[in-house]
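Enquirer: The structure that follows is given in the form of C-alpha cells.
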Amino acid sequence: MKRVHNFSAGPAALPTEVLEQAQSELLDYHGTGRSIMEMSHRGPEYTQVNEQAKERLARILNLGDDFEILFLQGGASLQFLQVAMNFLNKGESADYINTGTWSQKAIKEAKMFGNVHIPFSSEATNFNRIPADKELSLSDGANFVHFTSNNTIYGTQFPKEPETNGIPLVCDASSDFLSRPIDIRKYGLIYAGAQKNLGPSGVAVVIIEKGFLSRIKKTNIPTLLDYRTHTKKLFHTPATFTVYLVNLVLKWIEDQGGISHFEKVNNKKANLLYNTIDADDFYRGTAETDSRSKMNVTFRLPSEELESQFLKKAEENDLIALKGYRTVGGIRASIYNACSLENVKALVNFMEKFRAENG
Ligand code: PMP
C-alpha cells in the first residue's frame with residue numbers, strides 16, 4: 001500500500017489512523033456483526049456516535065451549554081441559503097464581507113431574503129487580500145456580519161475575526177475550521193463543510209449560539225431548513241457514516257493535543273512553504289503577505305508552461321492535487337490539519353529542486 005502526499009483542497013486528506021480505525025470497524029462495528037452504516041440512526045450505537053461527536057467538538061472549541069451543534073446535509077452551499085432564510089427577513093439587512101467566490105455565493109443567496117450590504121470587497125484586486133478593521137464600512141442595524149474566514153480559492157485568510165462592535169458574526173469556516181483558536185464569544189453562527197478539516201463530504205457542521213438562535217421568529221420556514229427543527233432531536237436520517245468519521249477525526253484532533261497543537265504545526269507548515277516561495281522571484285505568492293492563508297498556499301511560477309511541468313513532475317514524485325482552482329489557475333497547496341509536516345517538507349524539497357533545475 002502507498003499513501004501519497006495529498007494536497008487536495010477538498011475532499012481532502014484524512015488522517016491515516018482514522019481510515020485504519022474505520023477499516024478495522026467496517027464489517028463488525030463493536031461486536032454488532034454489521035457496520036455503523038447498516039443500522040438505525042436512532043439505535044444506541046449511532047446515538048452514541050452522534051453524542052460523542054458533539055461532546056468532542058464542544059470540548060475542542062470550549063463551547064458551553066449556550067451553543068447548539070448540528071450536523072446537517074447539503075454542504076456549506078446549503079448554509080449560504082439556510083443562514084439567510086432563518087436570520088434575514090424582508091426589510092432587514094445583513095453585512096456580507098466579500099473576499100472571494102464563496103462569499104459571493106453566500107451573498108447571492110442572502111439577497112433572496114433581505115437587504116445585503118457589502119462593507120468591503122477585494123474583487124477589484126482579484127481577491128488577493130483581507131480587509132483591515134478600519135476598512136470595513138459596517139451598516140447600522142445589521143442582523144449579523146457574514147465573513148469567509150479562509151478563502152480556499154484565493155489563498156487568503158482573516159488573521160483574526162473582523163471587529164463588528166458587538167454585531168454577531170456568521171462565519172463560513174469551511175476551509176479553516178479547527179485549524180486555530182477562535183474567539184467564540186463573537187459568533188452567532190459558524191458553519192463548515194466537513195470535507196476539508198473535519199472528515200469526508202456529506203455534512204456541514206453548524207454551531208449556533210442559543211441567544212442568536214432565539215432571534216428566529218419566522219413561522220413559515222420549511223421544516224427541514226428551519227434550524228430549530230434540528231435542535232430538538234434527529235429530524236430525519238443523517239449522513240451516519242460521515243458523522244461517524246467526523247467523530248473519529250475529532251478524537252484524533254484531541255489525541256494530538258487539540259487546537260493549540262494544530263495551530264503550532266499549521267504555522268510551521270505555512271512558514272516553510274512561504275519561506276520557500278519568498279526565497280527569490282521564481283515562485284510568486286498570489287495573496288498579499290499579511291492576508292496569506294495557512295490552509296491554502298497559492299502561488300505562480302514564471303510561466304504557465306512551467307506550472308504544467310511543475311504539476312506533472314510533482315505527481316511523478318507522489319505530490320498530488322496541487323493544481324490551482326479552475327477559475328484562477330496556478331498552484332495551490334492545501335495543507336489542512338491532516339496534511340503533516342512531513343508532507344509539507346516533501347513538497348518544499350521538491351520545490352527547491354524544481355527551482356534549481358528550471359530557475
Ligand atoms: N465555502 C468554502 C470556503 C469552500 O471552500 C467551499 C468548498 N470548496 C464551500 C463553501 C462549498 O462547500 P460545499 O461544496 O460543501 O457546498
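Each chain of the C-alpha cells is named A, B, ... in the order shown, its residues numbered from 1; ligands are numbered from 1 in display order.
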Collect all residues with atoms no farther than 6 Å from ligand 1, counting only C-alpha atoms and all ligand atoms, and output them as a VMD selection string.
Expert: chain A and resid 75 to 77 102 151 to 152 172 174 to 175 193
Enquirer: Quick one: everything within 6 Å of segment 321-337 of chain A, counting only C-alpha atoms, minus sequence neighbours fewer than 5 positions away in the same chain. Send it as a list in words.
Expert: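 Those residues are Phe7, Ser8, Ala9, Ile153, Asn197, Met295, Asn296, Val297, Thr298, Phe299 and Arg300 of chain A.
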Enquirer: Hey, what's within 12 Å of Cys171 of chain A if we count only C-alpha atoms and toss same-chain stuff fewer than 5 positions away? As a ChimeraX atom specification, please?
Expert: /A:76,79-80,83,95-97,102-103,106,144-151,158,160-162,176-177,182-184,186-193,205-208
Enquirer: Leaving out Glu209 of chain A and any residue of its chain fewer than 4 positions from it, which residues lie within 12 Å of it when counting only C-alpha atoms, given as an mmCIF file with N, CA, C and O atoms, in the first residue's frame?
Expert:
```cif
data_model
loop_
_atom_site.group_PDB
_atom_site.id
_atom_site.type_symbol
_atom_site.label_atom_id
_atom_site.label_comp_id
_atom_site.auth_asym_id
_atom_site.auth_seq_id
_atom_site.Cartn_x
_atom_site.Cartn_y
_atom_site.Cartn_z
ATOM 1 N N LEU A 63 -16.863 25.059 24.061
ATOM 2 C CA LEU A 63 -18.226 25.584 23.963
ATOM 3 C C LEU A 63 -18.983 25.256 25.243
ATOM 4 O O LEU A 63 -18.928 24.126 25.724
ATOM 5 N N GLY A 64 -19.700 26.217 25.772
ATOM 6 C CA GLY A 64 -20.562 25.960 26.918
ATOM 7 C C GLY A 64 -21.918 25.453 26.452
ATOM 8 O O GLY A 64 -22.126 25.151 25.267
ATOM 9 N N ASP A 65 -22.862 25.400 27.395
ATOM 10 C CA ASP A 65 -24.210 24.919 27.079
ATOM 11 C C ASP A 65 -24.972 25.899 26.203
ATOM 12 O O ASP A 65 -26.096 25.621 25.787
ATOM 13 N N ASP A 66 -24.396 27.060 25.998
ATOM 14 C CA ASP A 66 -25.118 28.081 25.244
ATOM 15 C C ASP A 66 -24.944 27.944 23.731
ATOM 16 O O ASP A 66 -25.255 28.863 22.977
ATOM 17 N N PHE A 67 -24.440 26.788 23.299
ATOM 18 C CA PHE A 67 -24.303 26.575 21.852
ATOM 19 C C PHE A 67 -24.983 25.276 21.425
ATOM 20 O O PHE A 67 -24.913 24.273 22.129
ATOM 21 N N GLU A 68 -25.636 25.315 20.279
ATOM 22 C CA GLU A 68 -26.179 24.109 19.648
ATOM 23 C C GLU A 68 -25.183 23.646 18.589
ATOM 24 O O GLU A 68 -24.600 24.473 17.874
ATOM 25 N N ILE A 69 -25.007 22.345 18.494
ATOM 26 C CA ILE A 69 -24.151 21.786 17.440
ATOM 27 C C ILE A 69 -25.011 20.890 16.554
ATOM 28 O O ILE A 69 -25.676 19.985 17.060
ATOM 29 N N LEU A 70 -24.989 21.160 15.258
ATOM 30 C CA LEU A 70 -25.811 20.381 14.326
ATOM 31 C C LEU A 70 -24.925 19.808 13.219
ATOM 32 O O LEU A 70 -23.957 20.448 12.790
ATOM 33 N N PRO A 168 -23.272 40.191 15.925
ATOM 34 C CA PRO A 168 -22.818 38.795 15.862
ATOM 35 C C PRO A 168 -22.204 38.450 14.506
ATOM 36 O O PRO A 168 -22.693 38.887 13.463
ATOM 37 N N LEU A 169 -21.152 37.657 14.564
ATOM 38 C CA LEU A 169 -20.544 37.175 13.327
ATOM 39 C C LEU A 169 -21.222 35.893 12.884
ATOM 40 O O LEU A 169 -21.574 35.044 13.712
ATOM 41 N N VAL A 170 -21.399 35.762 11.591
ATOM 42 C CA VAL A 170 -21.757 34.473 10.993
ATOM 43 C C VAL A 170 -20.601 34.120 10.072
ATOM 44 O O VAL A 170 -20.188 34.937 9.242
ATOM 45 N N ILE A 184 -14.833 32.542 20.343
ATOM 46 C CA ILE A 184 -16.192 32.042 20.126
ATOM 47 C C ILE A 184 -17.264 33.045 20.558
ATOM 48 O O ILE A 184 -18.371 33.060 20.019
ATOM 49 N N ARG A 185 -16.932 33.922 21.509
ATOM 50 C CA ARG A 185 -17.951 34.869 22.007
ATOM 51 C C ARG A 185 -18.442 35.826 20.924
ATOM 52 O O ARG A 185 -19.494 36.433 21.045
ATOM 53 N N LYS A 186 -17.647 35.959 19.874
ATOM 54 C CA LYS A 186 -18.034 36.929 18.833
ATOM 55 C C LYS A 186 -19.023 36.361 17.816
ATOM 56 O O LYS A 186 -19.545 37.084 16.974
ATOM 57 N N TYR A 187 -19.257 35.044 17.904
ATOM 58 C CA TYR A 187 -20.021 34.394 16.839
ATOM 59 C C TYR A 187 -21.474 34.140 17.217
ATOM 60 O O TYR A 187 -21.771 33.709 18.323
ATOM 61 N N GLY A 188 -22.371 34.369 16.266
ATOM 62 C CA GLY A 188 -23.743 33.907 16.400
ATOM 63 C C GLY A 188 -23.864 32.512 15.809
ATOM 64 O O GLY A 188 -24.563 31.649 16.330
ATOM 65 N N LEU A 189 -23.140 32.313 14.695
ATOM 66 C CA LEU A 189 -23.235 31.031 13.983
ATOM 67 C C LEU A 189 -21.936 30.788 13.199
ATOM 68 O O LEU A 189 -21.380 31.709 12.613
ATOM 69 N N ILE A 190 -21.488 29.542 13.240
ATOM 70 C CA ILE A 190 -20.333 29.128 12.422
ATOM 71 C C ILE A 190 -20.751 27.898 11.637
ATOM 72 O O ILE A 190 -21.353 26.988 12.205
ATOM 73 N N TYR A 191 -20.453 27.873 10.358
ATOM 74 C CA TYR A 191 -20.717 26.639 9.599
ATOM 75 C C TYR A 191 -19.475 26.241 8.811
ATOM 76 O O TYR A 191 -18.635 27.082 8.472
ATOM 77 N N LEU A 213 -29.945 32.015 18.094
ATOM 78 C CA LEU A 213 -30.997 31.127 17.579
ATOM 79 C C LEU A 213 -32.385 31.650 17.941
ATOM 80 O O LEU A 213 -33.324 31.577 17.132
ATOM 81 N N SER A 214 -32.487 32.194 19.147
ATOM 82 C CA SER A 214 -33.811 32.636 19.614
ATOM 83 C C SER A 214 -34.297 33.878 18.863
ATOM 84 O O SER A 214 -35.441 34.290 19.011
ATOM 85 N N ARG A 215 -33.429 34.450 18.043
ATOM 86 C CA ARG A 215 -33.882 35.594 17.228
ATOM 87 C C ARG A 215 -34.746 35.160 16.061
ATOM 88 O O ARG A 215 -35.367 35.997 15.394
ATOM 89 N N ILE A 216 -34.737 33.868 15.756
ATOM 90 C CA ILE A 216 -35.584 33.405 14.646
ATOM 91 C C ILE A 216 -37.033 33.489 15.110
ATOM 92 O O ILE A 216 -37.414 32.860 16.089
ATOM 93 N N TYR A 227 -33.576 25.856 11.404
ATOM 94 C CA TYR A 227 -32.564 25.339 12.345
ATOM 95 C C TYR A 227 -33.205 24.748 13.594
ATOM 96 O O TYR A 227 -32.712 23.787 14.166
ATOM 97 N N THR A 231 -32.591 21.135 16.503
ATOM 98 C CA THR A 231 -32.028 21.275 17.850
ATOM 99 C C THR A 231 -32.735 20.346 18.838
ATOM 100 O O THR A 231 -32.231 20.105 19.917
#
```
Enquirer: Can you pull out every residue from segment 33-277 of chain A that DSSP, working from the backbone, puts in helix (DSSP H, G or I), and format the result as an MDAnalysis selection string?
Expert: chainID A and resid 36:38 44:61 75:87 101:110 123:125 133:135 184:186 210:213 223:225 227:232 240:256 258:277
Enquirer: Per residue of segment 30-109 of chain A within 9 Å of segment 248-268 of chain A, what are the shortest atom pair and its distance in Å to one decimal, counting only C-alpha atoms, with rows by chain and residue number, as a tab-separated table?
Expert:
```
residue	atom	partner	partner_atom	distance
A:Ala53	CA	A:Leu250	CA	6.9
A:Arg56	CA	A:Leu250	CA	6.3
A:Leu57	CA	A:Leu250	CA	6.7
A:Arg59	CA	A:Glu254	CA	8.7
A:Ile60	CA	A:Gly258	CA	6.2
A:Leu61	CA	A:Ile259	CA	7.9
```
Enquirer: Any idea what's packed within 10 Å of Ile130 of chain A, counting only C-alpha atoms, ignoring anything in its chain fewer than 3 positions away? Could you give it as JSON, numbers by chain?
Expert: {"A": [97, 98, 99, 100, 120, 121, 122, 127, 133, 135, 148, 149, 150, 151, 156, 157, 158, 159, 162, 287, 288, 290, 291, 292]}
Enquirer: For those residues, write C-alpha atoms to a file as a PDB file, in the first residue's frame.
Expert:
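Ended up saving to again_30.pdb:
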```pdb
ATOM      1  CA  ILE A  97     -17.769  40.872   3.560  1.00  0.00           C
ATOM      2  CA  ASN A  98     -16.811  39.864   0.030  1.00  0.00           C
ATOM      3  CA  THR A  99     -13.433  38.151  -0.092  1.00  0.00           C
ATOM      4  CA  GLY A 100     -13.987  35.667  -2.904  1.00  0.00           C
ATOM      5  CA  PHE A 120     -15.787  45.553   1.930  1.00  0.00           C
ATOM      6  CA  SER A 121     -14.886  43.792  -1.286  1.00  0.00           C
ATOM      7  CA  SER A 122     -11.469  42.833  -2.631  1.00  0.00           C
ATOM      8  CA  PHE A 127      -9.490  38.858  -4.055  1.00  0.00           C
ATOM      9  CA  ASP A 133     -10.914  46.525  10.533  1.00  0.00           C
ATOM     10  CA  GLU A 135     -11.645  49.415   6.003  1.00  0.00           C
ATOM     11  CA  THR A 148     -15.461  33.686   4.958  1.00  0.00           C
ATOM     12  CA  SER A 149     -12.633  33.056   7.408  1.00  0.00           C
ATOM     13  CA  ASN A 150     -10.444  31.324   4.839  1.00  0.00           C
ATOM     14  CA  ASN A 151     -10.730  31.783   1.103  1.00  0.00           C
ATOM     15  CA  THR A 156      -6.280  34.379   1.840  1.00  0.00           C
ATOM     16  CA  GLN A 157      -7.378  34.125   5.470  1.00  0.00           C
ATOM     17  CA  PHE A 158      -8.613  36.529   8.112  1.00  0.00           C
ATOM     18  CA  PRO A 159      -5.747  36.771  10.627  1.00  0.00           C
ATOM     19  CA  PRO A 162     -13.273  41.179  11.936  1.00  0.00           C
ATOM     20  CA  ALA A 287      -2.023  36.837  -1.856  1.00  0.00           C
ATOM     21  CA  GLU A 288      -0.831  39.967  -0.073  1.00  0.00           C
ATOM     22  CA  ASP A 290      -0.482  39.891   5.646  1.00  0.00           C
ATOM     23  CA  SER A 291      -3.561  38.186   4.175  1.00  0.00           C
ATOM     24  CA  ARG A 292      -1.894  34.846   3.424  1.00  0.00           C
TER      25      ARG A 292
END
```
Enquirer: For Met39 of chain A, please output as a CSV table (one decimal) with all heavy atoms, in the first residue's frame all residues within 12 Å (counting only C-alpha atoms; exclusion window: fewer than 6 positions along the same chain).
Expert:
```csv
chain,number,residue,atom,x,y,z
A,28,ASP,N,-17.7,-5.2,11.2
A,28,ASP,CA,-18.3,-5.6,12.5
A,28,ASP,C,-18.1,-4.5,13.5
A,28,ASP,O,-17.1,-4.4,14.2
A,28,ASP,CB,-17.6,-6.9,13.0
A,28,ASP,CG,-18.3,-7.4,14.3
A,28,ASP,OD1,-19.2,-6.8,14.8
A,28,ASP,OD2,-17.8,-8.4,14.8
A,29,TYR,N,-19.0,-3.6,13.6
A,29,TYR,CA,-18.9,-2.4,14.5
A,29,TYR,C,-19.2,-2.8,15.9
A,29,TYR,O,-20.3,-3.2,16.3
A,29,TYR,CB,-19.8,-1.3,14.0
A,29,TYR,CG,-19.7,0.0,14.9
A,29,TYR,CD1,-18.6,0.8,14.7
A,29,TYR,CD2,-20.6,0.2,15.9
A,29,TYR,CE1,-18.5,2.0,15.5
A,29,TYR,CE2,-20.5,1.4,16.7
A,29,TYR,CZ,-19.4,2.2,16.5
A,29,TYR,OH,-19.3,3.3,17.3
A,32,THR,N,-21.3,-5.9,16.7
A,32,THR,CA,-22.7,-5.9,16.3
A,32,THR,C,-22.9,-6.8,15.1
A,32,THR,O,-24.1,-7.0,14.7
A,32,THR,CB,-23.3,-4.5,16.0
A,32,THR,OG1,-22.5,-3.9,14.9
A,32,THR,CG2,-23.2,-3.6,17.2
A,33,GLY,N,-21.8,-7.2,14.5
A,33,GLY,CA,-21.9,-8.0,13.3
A,33,GLY,C,-22.3,-7.3,12.0
A,33,GLY,O,-22.7,-7.8,11.0
A,45,GLU,N,-26.1,2.5,19.1
A,45,GLU,CA,-24.7,2.7,18.6
A,45,GLU,C,-24.6,4.1,17.9
A,45,GLU,O,-23.6,4.8,18.2
A,45,GLU,CB,-24.3,1.6,17.6
A,45,GLU,CG,-24.2,0.2,18.2
A,45,GLU,CD,-25.5,-0.5,18.3
A,45,GLU,OE1,-26.6,0.0,17.8
A,45,GLU,OE2,-25.6,-1.6,18.9
A,46,TYR,N,-25.5,4.4,17.0
A,46,TYR,CA,-25.3,5.7,16.3
A,46,TYR,C,-25.6,6.8,17.2
A,46,TYR,O,-25.0,7.9,17.2
A,46,TYR,CB,-26.2,5.8,15.0
A,46,TYR,CG,-26.0,7.1,14.4
A,46,TYR,CD1,-24.8,7.3,13.7
A,46,TYR,CD2,-26.8,8.2,14.5
A,46,TYR,CE1,-24.5,8.5,13.1
A,46,TYR,CE2,-26.5,9.4,14.0
A,46,TYR,CZ,-25.3,9.6,13.3
A,46,TYR,OH,-25.0,10.8,12.7
A,47,THR,N,-26.6,6.6,18.2
A,47,THR,CA,-26.8,7.7,19.1
A,47,THR,C,-25.6,8.1,19.9
A,47,THR,O,-25.2,9.3,20.1
A,47,THR,CB,-27.9,7.3,20.1
A,47,THR,OG1,-29.1,6.9,19.4
A,47,THR,CG2,-28.2,8.3,21.2
A,237,THR,N,-33.0,11.1,8.6
A,237,THR,CA,-31.8,10.3,8.6
A,237,THR,C,-30.6,11.1,8.3
A,237,THR,O,-30.5,11.7,7.3
A,237,THR,CB,-32.0,9.2,7.6
A,237,THR,OG1,-33.3,8.7,7.6
A,237,THR,CG2,-31.0,8.1,7.8
A,238,PRO,N,-29.7,11.2,9.3
A,238,PRO,CA,-28.4,11.9,9.0
A,238,PRO,C,-27.5,11.1,8.1
A,238,PRO,O,-27.7,10.0,7.9
A,238,PRO,CB,-27.9,12.2,10.4
A,238,PRO,CG,-28.4,11.1,11.2
A,238,PRO,CD,-29.7,10.6,10.6
A,240,THR,N,-25.0,9.1,8.3
A,240,THR,CA,-24.4,8.5,9.5
A,240,THR,C,-22.9,8.1,9.4
A,240,THR,O,-22.2,8.3,10.3
A,240,THR,CB,-25.2,7.2,9.8
A,240,THR,OG1,-25.3,6.3,8.7
A,240,THR,CG2,-26.6,7.5,10.3
A,241,PHE,N,-22.5,7.6,8.2
A,241,PHE,CA,-21.1,7.2,8.1
A,241,PHE,C,-20.2,8.4,8.1
A,241,PHE,O,-19.1,8.4,8.6
A,241,PHE,CB,-20.9,6.4,6.8
A,241,PHE,CG,-19.6,5.7,6.8
A,241,PHE,CD1,-19.3,4.7,7.7
A,241,PHE,CD2,-18.7,5.9,5.8
A,241,PHE,CE1,-18.1,4.1,7.7
A,241,PHE,CE2,-17.4,5.3,5.8
A,241,PHE,CZ,-17.2,4.3,6.8
```
Enquirer: Which neighbours of Ser201 of chain A fall inside 8 Å, counting only C-alpha atoms, when residues of the same chain fewer than 2 positions from it are skipped, and could you give them as an mmCIF file with C-alpha atoms, in the first residue's frame?
Expert:
```cif
data_model
loop_
_atom_site.group_PDB
_atom_site.id
_atom_site.type_symbol
_atom_site.label_atom_id
_atom_site.label_comp_id
_atom_site.auth_asym_id
_atom_site.auth_seq_id
_atom_site.Cartn_x
_atom_site.Cartn_y
_atom_site.Cartn_z
ATOM 1 C CA PRO A 11 -12.455 16.470 -0.262
ATOM 2 C CA GLY A 75 -22.816 21.055 2.485
ATOM 3 C CA GLY A 193 -18.451 21.720 5.182
ATOM 4 C CA ALA A 194 -16.704 18.716 6.701
ATOM 5 C CA GLN A 195 -14.619 17.661 3.745
ATOM 6 C CA GLY A 199 -13.937 14.435 7.705
ATOM 7 C CA VAL A 203 -22.245 17.031 6.345
ATOM 8 C CA THR A 242 -19.869 10.764 7.588
#
```
